[in-house]
Amino acid sequence: MADRVIVHLDMDAFYAAVEQRDRPELVGRPVIVGGPVRRGVVSTASYEARVFGVHSAMPMAEAVRRCPDGVYLPVDMARYTEASRAIMDVLHRFSPAVEPLSLDEAFLDMTGAEFLFGPPASIARSLKDAVFAAVRLTCSVGVAPNKFVAKVASDLHKPDGITIVPPGTEAAFLAPLPIGRLWGVGPKTADRLQRLGLVTIADVAGMGPERLHQRLGSLGDHVAYLARGLDDRPVSPDRQRKSVGSEETLAVDVSGREAVERLLRDHADRVARHLRGAGLKARGVRVKVRYTKGFVLATRDGRAGAPFDDSVTLFAEARRLLPRLELDRPMRLVGLAAFDLLEPGQAGQGDLFASGDGEARSERASRVEHAVDSLRQRFGDVVTRAGRIPRDRSGGA
Ligand SMILES: [Mg+2]
């Protein structure tokens with residue numbers, strides 16, 4: 001099999017970094033995000049806090065003992081999820097094969113992408129730059145021929161690091177590292193290996209597969225395989241993409257409802273076309289703006305009465321969210337996304353239970369826009385834009 005190019009990207013001290021980004025007075029200070037001080041645990045410690053020996057999963061009380069002058073903050077999942085969504089959107093621009101492992105890390109299969117993005121070092125650089133441009137947060141990237149080695153690599157030069165492991169050098173790269181780095185080797189297994197005198201991955205590799213199997217059975221087979229830097233697990237793309245979105249960072253700030261609506265109308269066209277192209281319908285609508293001052297992001301979610309794939313419904317639902325946003329402040333970004341997606345086949349069921357004028361309008365618009373799509377396919381982009389389809393409020397399909 002040809003060499004694969006697998007990327008593991010991991011945000012640096014993610015929750016703490018989001019807090020420091022949004023509250024500049026916290027930059028350079030030890031920030032600890034976690035549960036209540038009395039009985040919670042640390043979710044993320046900033047690098048400044050790690051100097052004091054504070055790390056994730058540590059009881060908060062212990063963290064306070066080690067770092068009494070730290071800034072202790074509760075977990076604000078809505079904001080981290082928002083940042084995560086933006087990060088995953090960036091990653092999907094680089095590869096269709098993105099496998100998120102959590103809010104702040106993902107594998108990407110970039111095999112064959114050298115033609116577009118250059119050698120692994122350039123791929124890593126471009127990814128880091130694009131993520132930073134989108135969310136102003138740093139990440140660390142590992143590039144290797146497989147998932148296991150890429151994940152070890154991304155962790156090696158944190159924070160803000162890039163580690164490339166060229167094909168053929170996997171075993172040498174792993175050799176000096178402690179056995180705890182082997183995928184699936186927890187403290188208990190590490191104990192068993194240590195009792196055999198195995199401390200580094202080189203020790204494991206040196207023992208040879210037969211003896212490892214004799215001593216440890218199937219666990220021996222597993223670690224012998226990994227110690228050689230082998231791993232053939234594929235990157236499993238996130239098939240159930242959470243949302244389809246369109247957004248634009250603007251060259252000139254905008255403000256006012258009219259300007260925002262104009263942008264949303266274009267986004268609605270694009271998102272709806274993407275939905276139809278993928279055979280998806282959506283029920284959720286999300287409007288997102290970023291205010292220029294403080295780089296503050298605001299999102300508002302709404303729900304349509306029935307699944308839709310047309311721009312008329314999408315735009316109408318987006319407009320309904322606008323009174324819940326401050327539109328007179330200067331904005332740098334306006335975006336629109338459809339979420340709560342239904343795969344082809346699922347969509348029919350939703351239609352069965354929904355009813356009413358809104359739905360009739362949505363169905364009619366959908367039929368027209370599907371027709372426009374096929375005209376576009378045949379004649380190019382010369383037909384009337386879908387957003388101008390006249391609305392008929394009289395009801396009845
Ligand atoms: Mg991380």
# chains A, B, ... in the order shown; residues from 1 in each chain; ligands from 1
$ closest_atom_pairs --of "chain A" --to "ligand 1" --cutoff "9 Å" --atoms "only C-alpha atoms and all ligand atoms" --output "JSON lines"
{"residue": "A:Leu9", "atom": "CA", "partner": "ligand 1", "partner_atom_place_in_ligand_line": "1 (Mg)", "distance": 8.4}
{"residue": "A:Asp10", "atom": "CA", "partner": "ligand 1", "partner_atom_place_in_ligand_line": "1 (Mg)", "distance": 4.7}
{"residue": "A:Met11", "atom": "CA", "partner": "ligand 1", "partner_atom_place_in_ligand_line": "1 (Mg)", "distance": 4.3}
{"residue": "A:Asp12", "atom": "CA", "partner": "ligand 1", "partner_atom_place_in_ligand_line": "1 (Mg)", "distance": 5.0}
{"residue": "A:Ala13", "atom": "CA", "partner": "ligand 1", "partner_atom_place_in_ligand_line": "1 (Mg)", "distance": 5.5}
{"residue": "A:Phe14", "atom": "CA", "partner": "ligand 1", "partner_atom_place_in_ligand_line": "1 (Mg)", "distance": 5.6}
{"residue": "A:Tyr15", "atom": "CA", "partner": "ligand 1", "partner_atom_place_in_ligand_line": "1 (Mg)", "distance": 8.7}
{"residue": "A:Thr44", "atom": "CA", "partner": "ligand 1", "partner_atom_place_in_ligand_line": "1 (Mg)", "distance": 8.8}
{"residue": "A:Ser102", "atom": "CA", "partner": "ligand 1", "partner_atom_place_in_ligand_line": "1 (Mg)", "distance": 8.8}
{"residue": "A:Leu103", "atom": "CA", "partner": "ligand 1", "partner_atom_place_in_ligand_line": "1 (Mg)", "distance": 8.5}
{"residue": "A:Asp104", "atom": "CA", "partner": "ligand 1", "partner_atom_place_in_ligand_line": "1 (Mg)", "distance": 5.4}
{"residue": "A:Glu105", "atom": "CA", "partner": "ligand 1", "partner_atom_place_in_ligand_line": "1 (Mg)", "distance": 6.1}
{"residue": "A:Cys139", "atom": "CA", "partner": "ligand 1", "partner_atom_place_in_ligand_line": "1 (Mg)", "distance": 7.7}
{"residue": "A:Ser140", "atom": "CA", "partner": "ligand 1", "partner_atom_place_in_ligand_line": "1 (Mg)", "distance": 8.3}
{"residue": "A:Asp155", "atom": "CA", "partner": "ligand 1", "partner_atom_place_in_ligand_line": "1 (Mg)", "distance": 8.9}
$ closest_residue --among "A:Glu317, A:Val5, A:Leu230, A:Ala61" --to "A:Pro119" --atoms "only C-alpha atoms"
A:Val5
$ residues_around --residues "stretch 31-38 of chain A" --least-positions-apart "6" --cutoff "10 Å" --atoms "only C-alpha atoms" --output "compact mmCIF listing (two decimals) with N, CA and C atoms, in the first residue's frame"
# COMPACT_ATOMS: atom_id res chain seq x y z
N ALA A 13 -4.19 23.45 25.19
CA ALA A 13 -4.90 23.86 26.42
C ALA A 13 -6.23 24.52 26.07
N PHE A 14 -7.05 23.78 25.34
CA PHE A 14 -8.19 24.36 24.61
C PHE A 14 -9.11 25.26 25.45
N TYR A 15 -9.74 24.71 26.50
CA TYR A 15 -10.71 25.51 27.25
C TYR A 15 -10.04 26.76 27.84
N ALA A 16 -8.85 26.57 28.42
CA ALA A 16 -8.15 27.70 29.04
C ALA A 16 -7.77 28.73 27.97
N ALA A 17 -7.39 28.25 26.79
CA ALA A 17 -6.98 29.15 25.72
C ALA A 17 -8.17 29.99 25.23
N GLU A 19 -10.67 30.94 27.07
CA GLU A 19 -10.88 31.94 28.12
C GLU A 19 -9.87 33.08 27.99
N GLN A 20 -8.62 32.72 27.74
CA GLN A 20 -7.58 33.75 27.63
C GLN A 20 -7.78 34.60 26.38
N THR A 44 -9.12 21.73 32.12
CA THR A 44 -7.93 22.18 31.39
C THR A 44 -7.17 23.20 32.23
N ALA A 45 -5.86 23.09 32.24
CA ALA A 45 -4.99 24.08 32.88
C ALA A 45 -4.19 24.77 31.79
N SER A 46 -4.08 26.11 31.87
CA SER A 46 -3.24 26.82 30.90
C SER A 46 -1.79 26.45 31.16
N TYR A 47 -0.94 26.72 30.17
CA TYR A 47 0.48 26.35 30.33
C TYR A 47 1.09 27.07 31.53
N GLU A 48 0.60 28.28 31.83
CA GLU A 48 1.12 29.00 33.00
C GLU A 48 0.77 28.25 34.29
N ALA A 49 -0.39 27.57 34.30
CA ALA A 49 -0.80 26.82 35.49
C ALA A 49 -0.06 25.50 35.58
N ARG A 50 0.31 24.92 34.43
CA ARG A 50 1.00 23.62 34.44
C ARG A 50 2.38 23.74 35.11
N VAL A 54 -0.19 21.80 38.01
CA VAL A 54 -1.63 21.57 37.85
C VAL A 54 -1.87 20.92 36.48
N HIS A 55 -2.67 19.85 36.46
CA HIS A 55 -2.99 19.23 35.17
C HIS A 55 -4.43 18.73 35.16
N SER A 56 -4.91 18.37 33.97
CA SER A 56 -6.31 17.97 33.87
C SER A 56 -6.54 16.68 34.65
N ALA A 57 -7.79 16.51 35.09
CA ALA A 57 -8.25 15.37 35.90
C ALA A 57 -7.78 15.44 37.35
N MET A 58 -7.04 16.47 37.70
CA MET A 58 -6.62 16.65 39.10
C MET A 58 -7.79 17.24 39.89
N PRO A 59 -8.00 16.80 41.16
CA PRO A 59 -9.06 17.44 41.95
C PRO A 59 -8.81 18.95 42.06
N MET A 60 -9.89 19.72 41.95
CA MET A 60 -9.75 21.17 42.00
C MET A 60 -9.09 21.61 43.30
N ALA A 61 -9.43 20.94 44.41
CA ALA A 61 -8.88 21.32 45.70
C ALA A 61 -7.35 21.22 45.69
N GLU A 62 -6.86 20.16 45.04
CA GLU A 62 -5.42 19.97 44.92
C GLU A 62 -4.80 21.08 44.05
N ALA A 63 -5.50 21.44 42.99
CA ALA A 63 -5.01 22.51 42.11
C ALA A 63 -4.89 23.82 42.88
N VAL A 64 -5.90 24.11 43.72
CA VAL A 64 -5.89 25.36 44.50
C VAL A 64 -4.71 25.35 45.48
N CYS A 67 -1.62 25.95 43.30
CA CYS A 67 -1.59 27.24 42.60
C CYS A 67 -2.66 28.17 43.17
N ASP A 69 -2.85 31.30 43.54
CA ASP A 69 -3.11 32.57 42.86
C ASP A 69 -3.68 32.38 41.46
N GLY A 70 -4.06 31.14 41.13
CA GLY A 70 -4.61 30.88 39.81
C GLY A 70 -5.99 31.52 39.63
N VAL A 71 -6.37 31.66 38.36
CA VAL A 71 -7.71 32.14 38.05
C VAL A 71 -8.57 30.91 37.80
N TYR A 72 -9.58 30.68 38.62
CA TYR A 72 -10.42 29.48 38.52
C TYR A 72 -11.74 29.80 37.85
N LEU A 73 -12.02 29.12 36.76
CA LEU A 73 -13.21 29.43 35.97
C LEU A 73 -14.06 28.18 35.77
N PRO A 74 -15.39 28.35 35.74
CA PRO A 74 -16.26 27.21 35.44
C PRO A 74 -16.20 26.86 33.95
N VAL A 75 -16.56 25.65 33.62
CA VAL A 75 -16.59 25.19 32.23
C VAL A 75 -17.73 25.90 31.48
N ASP A 76 -17.40 26.52 30.36
CA ASP A 76 -18.41 27.24 29.56
C ASP A 76 -18.54 26.51 28.21
$ residues_around --residues "stretch 146-153 of chain A" --least-positions-apart "6" --cutoff "7 Å" --atoms "only C-alpha atoms" --output "list of chain:residue names"
A:Arg4, A:Ile6, A:Val7, A:His8, A:Thr163, A:Glu170, A:Arg181, A:Trp183, A:Gly229, A:Asp231, A:Asp232
$ closest_residue --among "A:Pro176, A:Pro159, A:Gly168, A:Pro307" --to "A:Ala205" --atoms "only C-alpha atoms"
A:Pro176
$ select_by_dssp --residues "stretch 53-180 of chain A" --states "strand (DSSP E)" --output "PyMOL selection string"
chain A and resi 71-73+98-102+105-109+139-144+162-164
$ closest_residue --among "A:Ala121, A:Ala144, A:Leu341, A:Val185" --to "A:Gly161" --atoms "only C-alpha atoms"
A:Ala121
